[in-house]
Every structure is written in C-alpha cells, then in structure tokens.
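A.B. asks: This is the content of run_14.pdb (PDB, C-alpha atoms):
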```pdb
ATOM      1  CA  MET A 863     -32.740-240.642 191.330  1.00  0.00           C
ATOM      2  CA  GLN A 864     -31.805-238.153 193.994  1.00  0.00           C
ATOM      3  CA  LYS A 865     -29.924-240.877 195.897  1.00  0.00           C
ATOM      4  CA  ALA A 866     -27.785-241.680 192.830  1.00  0.00           C
ATOM      5  CA  SER A 867     -27.030-237.986 192.341  1.00  0.00           C
ATOM      6  CA  SER A 868     -25.911-237.654 195.972  1.00  0.00           C
ATOM      7  CA  ARG A 869     -23.639-240.682 195.599  1.00  0.00           C
ATOM      8  CA  ARG A 870     -22.126-239.260 192.426  1.00  0.00           C
ATOM      9  CA  THR A 871     -21.498-235.923 194.174  1.00  0.00           C
ATOM     10  CA  ALA A 872     -19.915-237.690 197.135  1.00  0.00           C
ATOM     11  CA  LEU A 873     -17.693-239.766 194.806  1.00  0.00           C
ATOM     12  CA  VAL A 874     -16.623-236.654 192.868  1.00  0.00           C
ATOM     13  CA  LEU A 875     -15.764-234.855 196.119  1.00  0.00           C
ATOM     14  CA  LEU A 876     -13.851-237.888 197.406  1.00  0.00           C
ATOM     15  CA  ALA A 877     -11.939-238.203 194.130  1.00  0.00           C
ATOM     16  CA  GLY A 878     -11.085-234.486 194.270  1.00  0.00           C
ATOM     17  CA  CYS A 879      -9.774-234.831 197.816  1.00  0.00           C
ATOM     18  CA  LEU A 880      -7.633-237.819 196.826  1.00  0.00           C
ATOM     19  CA  VAL A 881      -6.171-235.925 193.853  1.00  0.00           C
ATOM     20  CA  LEU A 882      -5.337-232.930 196.057  1.00  0.00           C
ATOM     21  CA  ALA A 883      -3.756-235.190 198.677  1.00  0.00           C
ATOM     22  CA  ALA A 884      -1.609-236.856 196.011  1.00  0.00           C
ATOM     23  CA  LEU A 885      -0.261-233.555 194.650  1.00  0.00           C
ATOM     24  CA  PRO A 886       3.087-232.466 196.078  1.00  0.00           C
ATOM     25  CA  ALA A 887       2.734-229.622 198.526  1.00  0.00           C
ATOM     26  CA  GLN A 888       3.745-226.283 197.073  1.00  0.00           C
ATOM     27  CA  ALA A 889       6.734-224.987 198.972  1.00  0.00           C
ATOM     28  CA  ALA A 890       6.332-221.531 200.386  1.00  0.00           C
ATOM     29  CA  VAL A 891       9.031-218.917 199.988  1.00  0.00           C
ATOM     30  CA  GLY A 892      10.761-217.507 203.052  1.00  0.00           C
ATOM     31  CA  HIS A 893      13.007-214.468 203.372  1.00  0.00           C
ATOM     32  CA  ASP A 894      15.933-213.713 205.671  1.00  0.00           C
ATOM     33  CA  ARG A 895      19.144-211.691 205.752  1.00  0.00           C
ATOM     34  CA  GLY A 896      22.600-211.831 207.225  1.00  0.00           C
ATOM     35  CA  MET A 897      26.338-211.774 206.697  1.00  0.00           C
ATOM     36  CA  ILE A 898      28.139-214.540 204.848  1.00  0.00           C
ATOM     37  CA  LEU A 899      30.606-216.227 207.210  1.00  0.00           C
ATOM     38  CA  ASN A 900      31.717-218.949 204.813  1.00  0.00           C
ATOM     39  CA  ILE A 901      30.720-220.278 201.405  1.00  0.00           C
ATOM     40  CA  ASP A 902      31.477-223.657 199.816  1.00  0.00           C
ATOM     41  CA  LEU A 903      30.366-223.822 196.189  1.00  0.00           C
ATOM     42  CA  THR A 904      31.574-227.398 195.800  1.00  0.00           C
ATOM     43  CA  ALA A 905      29.126-228.560 198.481  1.00  0.00           C
ATOM     44  CA  LEU A 906      26.622-225.788 197.551  1.00  0.00           C
ATOM     45  CA  GLN A 907      26.452-224.512 201.140  1.00  0.00           C
ATOM     46  CA  VAL A 908      26.730-221.102 202.740  1.00  0.00           C
ATOM     47  CA  GLN A 909      27.119-220.214 206.413  1.00  0.00           C
ATOM     48  CA  ILE A 910      25.211-217.035 207.297  1.00  0.00           C
ATOM     49  CA  LYS A 911      24.982-215.090 210.560  1.00  0.00           C
ATOM     50  CA  ASP A 912      21.468-213.619 210.635  1.00  0.00           C
ATOM     51  CA  ALA A 913      20.238-210.322 212.070  1.00  0.00           C
ATOM     52  CA  LYS A 914      19.593-212.034 215.429  1.00  0.00           C
ATOM     53  CA  ASP A 915      23.283-213.077 215.647  1.00  0.00           C
ATOM     54  CA  ARG A 916      22.554-216.777 214.949  1.00  0.00           C
ATOM     55  CA  ASP A 917      24.634-218.606 212.401  1.00  0.00           C
ATOM     56  CA  ARG A 918      23.436-221.437 210.246  1.00  0.00           C
ATOM     57  CA  ILE A 919      24.654-223.467 207.287  1.00  0.00           C
ATOM     58  CA  TRP A 920      22.170-223.287 204.406  1.00  0.00           C
ATOM     59  CA  PRO A 921      22.051-225.464 201.294  1.00  0.00           C
ATOM     60  CA  ILE A 922      22.049-223.501 198.016  1.00  0.00           C
ATOM     61  CA  ALA A 923      20.022-224.472 194.935  1.00  0.00           C
ATOM     62  CA  LYS A 924      22.150-225.170 191.831  1.00  0.00           C
ATOM     63  CA  ASP A 925      20.163-222.547 189.917  1.00  0.00           C
ATOM     64  CA  ALA A 926      20.140-219.920 192.701  1.00  0.00           C
ATOM     65  CA  THR A 927      20.127-216.351 191.430  1.00  0.00           C
ATOM     66  CA  VAL A 928      22.499-213.594 192.548  1.00  0.00           C
ATOM     67  CA  LYS A 929      21.631-209.907 192.378  1.00  0.00           C
ATOM     68  CA  PHE A 930      23.775-206.999 193.576  1.00  0.00           C
ATOM     69  CA  SER A 931      21.868-204.018 194.970  1.00  0.00           C
ATOM     70  CA  VAL A 932      25.246-202.413 195.735  1.00  0.00           C
ATOM     71  CA  GLU A 933      25.448-199.516 193.263  1.00  0.00           C
ATOM     72  CA  SER A 934      28.988-200.299 192.111  1.00  0.00           C
ATOM     73  CA  TRP A 935      27.983-203.820 191.027  1.00  0.00           C
ATOM     74  CA  ALA A 936      24.351-203.160 190.055  1.00  0.00           C
ATOM     75  CA  ASN A 937      24.797-203.575 186.281  1.00  0.00           C
ATOM     76  CA  ARG A 938      26.978-206.625 186.563  1.00  0.00           C
ATOM     77  CA  SER A 939      25.863-210.097 185.540  1.00  0.00           C
ATOM     78  CA  SER A 940      26.504-212.023 188.755  1.00  0.00           C
ATOM     79  CA  THR A 941      26.753-215.664 189.745  1.00  0.00           C
ATOM     80  CA  LEU A 942      27.309-217.649 192.923  1.00  0.00           C
ATOM     81  CA  LYS A 943      31.080-217.344 192.303  1.00  0.00           C
ATOM     82  CA  ASP A 944      30.810-213.591 193.094  1.00  0.00           C
ATOM     83  CA  LEU A 945      29.660-214.214 196.675  1.00  0.00           C
ATOM     84  CA  ARG A 946      32.324-213.693 199.338  1.00  0.00           C
ATOM     85  CA  LYS A 947      32.806-213.889 203.076  1.00  0.00           C
ATOM     86  CA  GLY A 948      31.736-210.613 204.728  1.00  0.00           C
ATOM     87  CA  MET A 949      29.004-209.704 202.218  1.00  0.00           C
ATOM     88  CA  TYR A 950      25.641-208.750 203.731  1.00  0.00           C
ATOM     89  CA  VAL A 951      22.857-210.471 201.802  1.00  0.00           C
ATOM     90  CA  HIS A 952      19.100-210.703 201.749  1.00  0.00           C
ATOM     91  CA  PHE A 953      18.025-214.123 200.544  1.00  0.00           C
ATOM     92  CA  GLU A 954      14.925-216.073 199.720  1.00  0.00           C
ATOM     93  CA  PHE A 955      14.573-219.751 200.371  1.00  0.00           C
ATOM     94  CA  LYS A 956      12.146-222.559 199.663  1.00  0.00           C
ATOM     95  CA  THR A 957      10.582-223.615 202.932  1.00  0.00           C
ATOM     96  CA  GLY A 958      10.114-227.256 203.776  1.00  0.00           C
ATOM     97  CA  ASP A 959      12.562-229.996 204.497  1.00  0.00           C
ATOM     98  CA  PRO A 960      15.228-229.079 203.631  1.00  0.00           C
ATOM     99  CA  GLU A 961      15.040-225.308 203.336  1.00  0.00           C
ATOM    100  CA  VAL A 962      17.120-224.311 200.303  1.00  0.00           C
ATOM    101  CA  ILE A 963      18.293-220.833 199.291  1.00  0.00           C
ATOM    102  CA  GLN A 964      16.897-219.903 195.884  1.00  0.00           C
ATOM    103  CA  GLY A 965      18.262-216.373 195.476  1.00  0.00           C
ATOM    104  CA  PHE A 966      20.637-213.790 196.944  1.00  0.00           C
ATOM    105  CA  ASP A 967      20.494-209.999 196.911  1.00  0.00           C
ATOM    106  CA  VAL A 968      23.838-208.516 198.004  1.00  0.00           C
ATOM    107  CA  ARG A 969      23.153-205.293 199.947  1.00  0.00           C
ATOM    108  CA  ASP A 970      26.657-204.559 201.261  1.00  0.00           C
ATOM    109  CA  LEU A 971      29.990-205.816 200.009  1.00  0.00           C
ATOM    110  CA  ASN A 972      31.876-205.799 203.264  1.00  0.00           C
ATOM    111  CA  GLN A 973      30.345-205.907 206.748  1.00  0.00           C
ATOM    112  CA  ASP A 974      33.319-207.379 208.606  1.00  0.00           C
ATOM    113  CA  GLY A 975      35.973-204.765 207.805  1.00  0.00           C
ATOM    114  CA  GLY A 976      38.010-207.191 205.685  1.00  0.00           C
ATOM    115  CA  ALA A 977      39.118-206.674 202.114  1.00  0.00           C
ATOM    116  CA  SER A 978      36.218-205.745 199.882  1.00  0.00           C
ATOM    117  CA  ALA A 979      35.049-208.348 197.424  1.00  0.00           C
ATOM    118  CA  ALA A 980      35.018-205.671 194.714  1.00  0.00           C
ATOM    119  CA  ALA A 981      38.630-204.734 195.226  1.00  0.00           C
ATOM    120  CA  PRO A 982      41.549-206.403 193.487  1.00  0.00           C
ATOM    121  CA  PRO A 983      44.495-207.407 195.670  1.00  0.00           C
ATOM    122  CA  PRO A 984      46.530-204.467 196.979  1.00  0.00           C
ATOM    123  CA  THR A 985      49.508-203.296 194.975  1.00  0.00           C
ATOM    124  CA  THR A 986      52.436-201.138 195.944  1.00  0.00           C
ATOM    125  CA  THR A 987      51.255-197.673 196.854  1.00  0.00           C
ATOM    126  CA  PRO A 988      52.630-194.724 194.858  1.00  0.00           C
ATOM    127  CA  ALA A 989      54.439-192.221 197.070  1.00  0.00           C
ATOM    128  CA  ASP A 990      51.989-189.407 196.248  1.00  0.00           C
ATOM    129  CA  GLY A 991      48.856-191.614 196.476  1.00  0.00           C
ATOM    130  CA  TYR A 992      46.266-192.827 193.996  1.00  0.00           C
ATOM    131  CA  THR A 993      44.590-190.168 191.830  1.00  0.00           C
ATOM    132  CA  ALA A 994      41.001-191.056 191.050  1.00  0.00           C
ATOM    133  CA  ARG A 995      37.408-189.922 190.528  1.00  0.00           C
ATOM    134  CA  VAL A 996      35.057-190.839 193.389  1.00  0.00           C
ATOM    135  CA  THR A 997      32.136-193.028 192.284  1.00  0.00           C
ATOM    136  CA  ALA A 998      30.610-193.827 195.707  1.00  0.00           C
ATOM    137  CA  VAL A 999      31.134-193.126 199.418  1.00  0.00           C
ATOM    138  CA  ASP A1000      29.659-195.157 202.276  1.00  0.00           C
ATOM    139  CA  THR A1001      30.460-193.662 205.684  1.00  0.00           C
ATOM    140  CA  ARG A1002      28.474-196.403 207.481  1.00  0.00           C
ATOM    141  CA  VAL A1003      31.211-198.912 206.685  1.00  0.00           C
ATOM    142  CA  ALA A1004      33.996-196.359 205.985  1.00  0.00           C
ATOM    143  CA  GLN A1005      34.448-197.318 202.324  1.00  0.00           C
ATOM    144  CA  ILE A1006      35.100-195.313 199.180  1.00  0.00           C
ATOM    145  CA  GLU A1007      34.808-196.549 195.621  1.00  0.00           C
ATOM    146  CA  VAL A1008      36.839-194.810 192.925  1.00  0.00           C
ATOM    147  CA  MET A1009      37.691-195.000 189.233  1.00  0.00           C
ATOM    148  CA  LEU A1010      41.495-194.939 189.239  1.00  0.00           C
ATOM    149  CA  ASP A1011      43.391-192.811 186.708  1.00  0.00           C
ATOM    150  CA  GLN A1012      45.621-195.861 186.166  1.00  0.00           C
ATOM    151  CA  GLY A1013      42.452-197.692 185.095  1.00  0.00           C
ATOM    152  CA  GLY A1014      39.912-199.812 186.870  1.00  0.00           C
ATOM    153  CA  ARG A1015      37.323-199.351 189.571  1.00  0.00           C
ATOM    154  CA  LYS A1016      38.367-200.121 193.135  1.00  0.00           C
ATOM    155  CA  THR A1017      36.806-200.002 196.603  1.00  0.00           C
ATOM    156  CA  TYR A1018      39.014-198.973 199.515  1.00  0.00           C
ATOM    157  CA  GLN A1019      38.466-199.300 203.222  1.00  0.00           C
ATOM    158  CA  ALA A1020      39.122-196.031 205.077  1.00  0.00           C
ATOM    159  CA  ALA A1021      40.875-195.935 208.437  1.00  0.00           C
ATOM    160  CA  ASN A1022      37.645-194.431 209.839  1.00  0.00           C
ATOM    161  CA  ALA A1023      34.521-192.611 208.623  1.00  0.00           C
ATOM    162  CA  GLY A1024      36.075-189.219 209.459  1.00  0.00           C
ATOM    163  CA  VAL A1025      38.582-189.661 206.623  1.00  0.00           C
ATOM    164  CA  LEU A1026      35.632-189.628 204.202  1.00  0.00           C
ATOM    165  CA  ALA A1027      33.968-186.489 205.644  1.00  0.00           C
ATOM    166  CA  GLY A1028      32.915-184.088 202.897  1.00  0.00           C
ATOM    167  CA  VAL A1029      33.887-186.419 200.035  1.00  0.00           C
ATOM    168  CA  LYS A1030      31.190-186.787 197.378  1.00  0.00           C
ATOM    169  CA  ALA A1031      30.742-188.860 194.218  1.00  0.00           C
ATOM    170  CA  GLY A1032      32.157-187.129 191.137  1.00  0.00           C
ATOM    171  CA  GLN A1033      35.046-185.399 192.930  1.00  0.00           C
ATOM    172  CA  ARG A1034      38.648-185.880 191.794  1.00  0.00           C
ATOM    173  CA  VAL A1035      40.852-186.835 194.718  1.00  0.00           C
ATOM    174  CA  THR A1036      44.189-188.325 195.667  1.00  0.00           C
ATOM    175  CA  LEU A1037      43.961-191.188 198.155  1.00  0.00           C
ATOM    176  CA  VAL A1038      46.847-191.559 200.560  1.00  0.00           C
ATOM    177  CA  THR A1039      46.959-195.156 201.771  1.00  0.00           C
ATOM    178  CA  GLU A1040      49.030-197.352 204.010  1.00  0.00           C
ATOM    179  CA  PRO A1041      49.131-201.144 204.141  1.00  0.00           C
ATOM    180  CA  ARG A1042      47.182-202.725 207.010  1.00  0.00           C
ATOM    181  CA  ASN A1043      46.410-206.428 207.316  1.00  0.00           C
ATOM    182  CA  GLY A1044      47.288-207.077 203.680  1.00  0.00           C
ATOM    183  CA  GLN A1045      45.227-204.279 202.136  1.00  0.00           C
ATOM    184  CA  ASP A1046      45.658-200.596 201.271  1.00  0.00           C
ATOM    185  CA  VAL A1047      43.680-198.526 203.797  1.00  0.00           C
ATOM    186  CA  VAL A1048      42.881-194.857 203.068  1.00  0.00           C
ATOM    187  CA  VAL A1049      44.316-192.665 205.829  1.00  0.00           C
ATOM    188  CA  ARG A1050      43.955-189.258 204.121  1.00  0.00           C
ATOM    189  CA  ILE A1051      42.211-187.764 201.085  1.00  0.00           C
ATOM    190  CA  LYS A1052      43.653-184.798 199.179  1.00  0.00           C
ATOM    191  CA  ARG A1053      41.204-182.770 197.108  1.00  0.00           C
TER
END
```
For the structure just supplied, provide its representation as structure tokens.
C.D. replies:
Amino acid sequence: MQKASSRRTALVLLAGCLVLAALPAQAAVGHDRGMILNIDLTALQVQIKDAKDRDRIWPIAKDATVKFSVESWANRSSTLKDLRKGMYVHFEFKTGDPEVIQGFDVRDLNQDGGASAAAPPPTTTPADGYTARVTAVDTRVAQIEVMLDQGGRKTYQAANAGVLAGVKAGQRVTLVTEPRNGQDVVVRIKR
C-alpha cells in the first residue's frame, strides 16, 4: 500500500514538472532610459542613446503606452505619434528574445537643443516680441513654456540659461526672439 502511494506521489510530481515545463516562461520587465535619436512608427522601432552613451534600435509593441511626466503635457492623452527625436524617455521593456518596449514615460521634451516637440513651427516674430504668461521654466535645458496672448501654449528655447534668470511661472512677460536654425530663440525677456 505504501509503495503504491509513493508511486502515485512520484507520478503527480512528475506530471506537475511536465506541466510547468510546458508553460511559456513569463517574461520579466526591464527598465532603461535615454534620448530618442530616431523613431520609425511604420517599422515600430526606436533608436535610443542610453545613459551610458550607447545607442540601440529597440522594437516597440503595437500597444505600447506613452505617458508624459513633463508638466506641460501631463494631462494630455498621448500616443506613439507624440514621440519625437530629442525627447528623453524612461521606458519599460519585456525581457527575452526579442526585448520589446512596452511603455514610455517622457521626462524631458528636448535634450538635444533642437526644436521642442511641444512647439509649433516658428512664425514671423512681432517687432516688440511675444506677450505671454509664463507656465514653466527649465533652466537645465534653457527652455520656457508660455501661454501666448495670441492664443496657444508654446515652448521656446532660450539662447542660454541666463536669459531665464529670475523668471517664474505665472509672470506676464514679453519674449524677444530671433530666428536661429529655423526656430525662434529667446534672447531677452521684458517683464
């Protein structure tokens, strides 16, 4: 009787091991961060330069999520189409072969000094500048976001961080800009 019970236990354990071996391995989730160098939504691929200055082309899942931690875009419903070259992102990916990005969290709109993804194309600059209310200032990347009196929110690159010294959210200002490399760059702020 005891011998039959031992065989049954051994068979149950063996069957359990076979079931576990047949189950697909659960993919772990990895995390990384870096700047987007290029993105191809047709091929669902993104090239990212990571914090260790290595660049890699990553596949993107069709249902990948996009979140903006950048305050100016925080309440926006975002998709993969909102991702742009120069954005600094944290991302999570399914490990395994292949590793596939499952979600993005945009932490900075513009790491490379190019035109901000939040900004519409530059227009002709009024002679006296743009009058606006400041909504955000980031001296780390020399950018200022404003709500223009003419309507619309816009992010401008400043010539340098010193131009933004003393400027705070909520202030009414006039931005004096000049065109540089196809965009309006703030060179002076009148309060």
A.B. asks: When you count all atoms listed in the file, which of these residues is closest to Gln1019 in chain A: A:Ala994, A:Ala926, A:Val1048, A:Val1035?
C.D. replies: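 When distances to Gln1019 in chain A are compared using all atoms listed in the file, the smallest one comes from A:Val1048.
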A.B. asks: Tell me which residues the PyMOL selection byres ((chain A and resi 997) around 7) grabs here, as a short mmCIF file (atom, residue, chain, number, x, y, z; two decimals) with C-alpha atoms, keeping the file's coordinate frame.
C.D. replies:
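Output saved as selection19.cif:
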```
data_model
loop_
_atom_site.label_atom_id
_atom_site.label_comp_id
_atom_site.auth_asym_id
_atom_site.auth_seq_id
_atom_site.Cartn_x
_atom_site.Cartn_y
_atom_site.Cartn_z
CA ARG A 995 37.41 -189.92 190.53
CA VAL A 996 35.06 -190.84 193.39
CA ALA A 998 30.61 -193.83 195.71
CA GLU A 1007 34.81 -196.55 195.62
CA VAL A 1008 36.84 -194.81 192.92
CA MET A 1009 37.69 -195.00 189.23
CA ALA A 1031 30.74 -188.86 194.22
CA GLY A 1032 32.16 -187.13 191.14
#
```
A.B. asks: Just checking: using all atoms listed in the file, which residue out of A:Val962, A:Val928, A:Ile1006, A:Ile1051 ends up closest to Gly892 in chain A?
C.D. replies: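 Residue with the minimum atom-to-atom distance to Gly892 in chain A: A:Val962.
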A.B. asks: Give me, as a PyMOL selection string, all polymer residues having an atom no more than 10 Å from Ala1027 in chain A, counting all atoms listed in the file and skipping those fewer than 3 positions away in the same chain.
C.D. replies: chain A and resi 999+1001+1004+1022-1024+1030+1051
A.B. asks: Write to file, as a compact mmCIF listing (two decimals), in the coordinates of the input, the residues of the selection just made, with C-alpha atoms.
C.D. replies:
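Contents of the output file again09.txt:
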```txt
# COMPACT_ATOMS: atom_id res chain seq x y z
CA VAL A 999 31.13 -193.13 199.42
CA THR A 1001 30.46 -193.66 205.68
CA ALA A 1004 34.00 -196.36 205.98
CA ASN A 1022 37.65 -194.43 209.84
CA ALA A 1023 34.52 -192.61 208.62
CA GLY A 1024 36.08 -189.22 209.46
CA LYS A 1030 31.19 -186.79 197.38
CA ILE A 1051 42.21 -187.76 201.08
```
A.B. asks: Could you tell me which residues the PyMOL selection byres ((chain A and resi 915-923) around 10) returns for this structure, as a count of residues only?
C.D. replies: 32
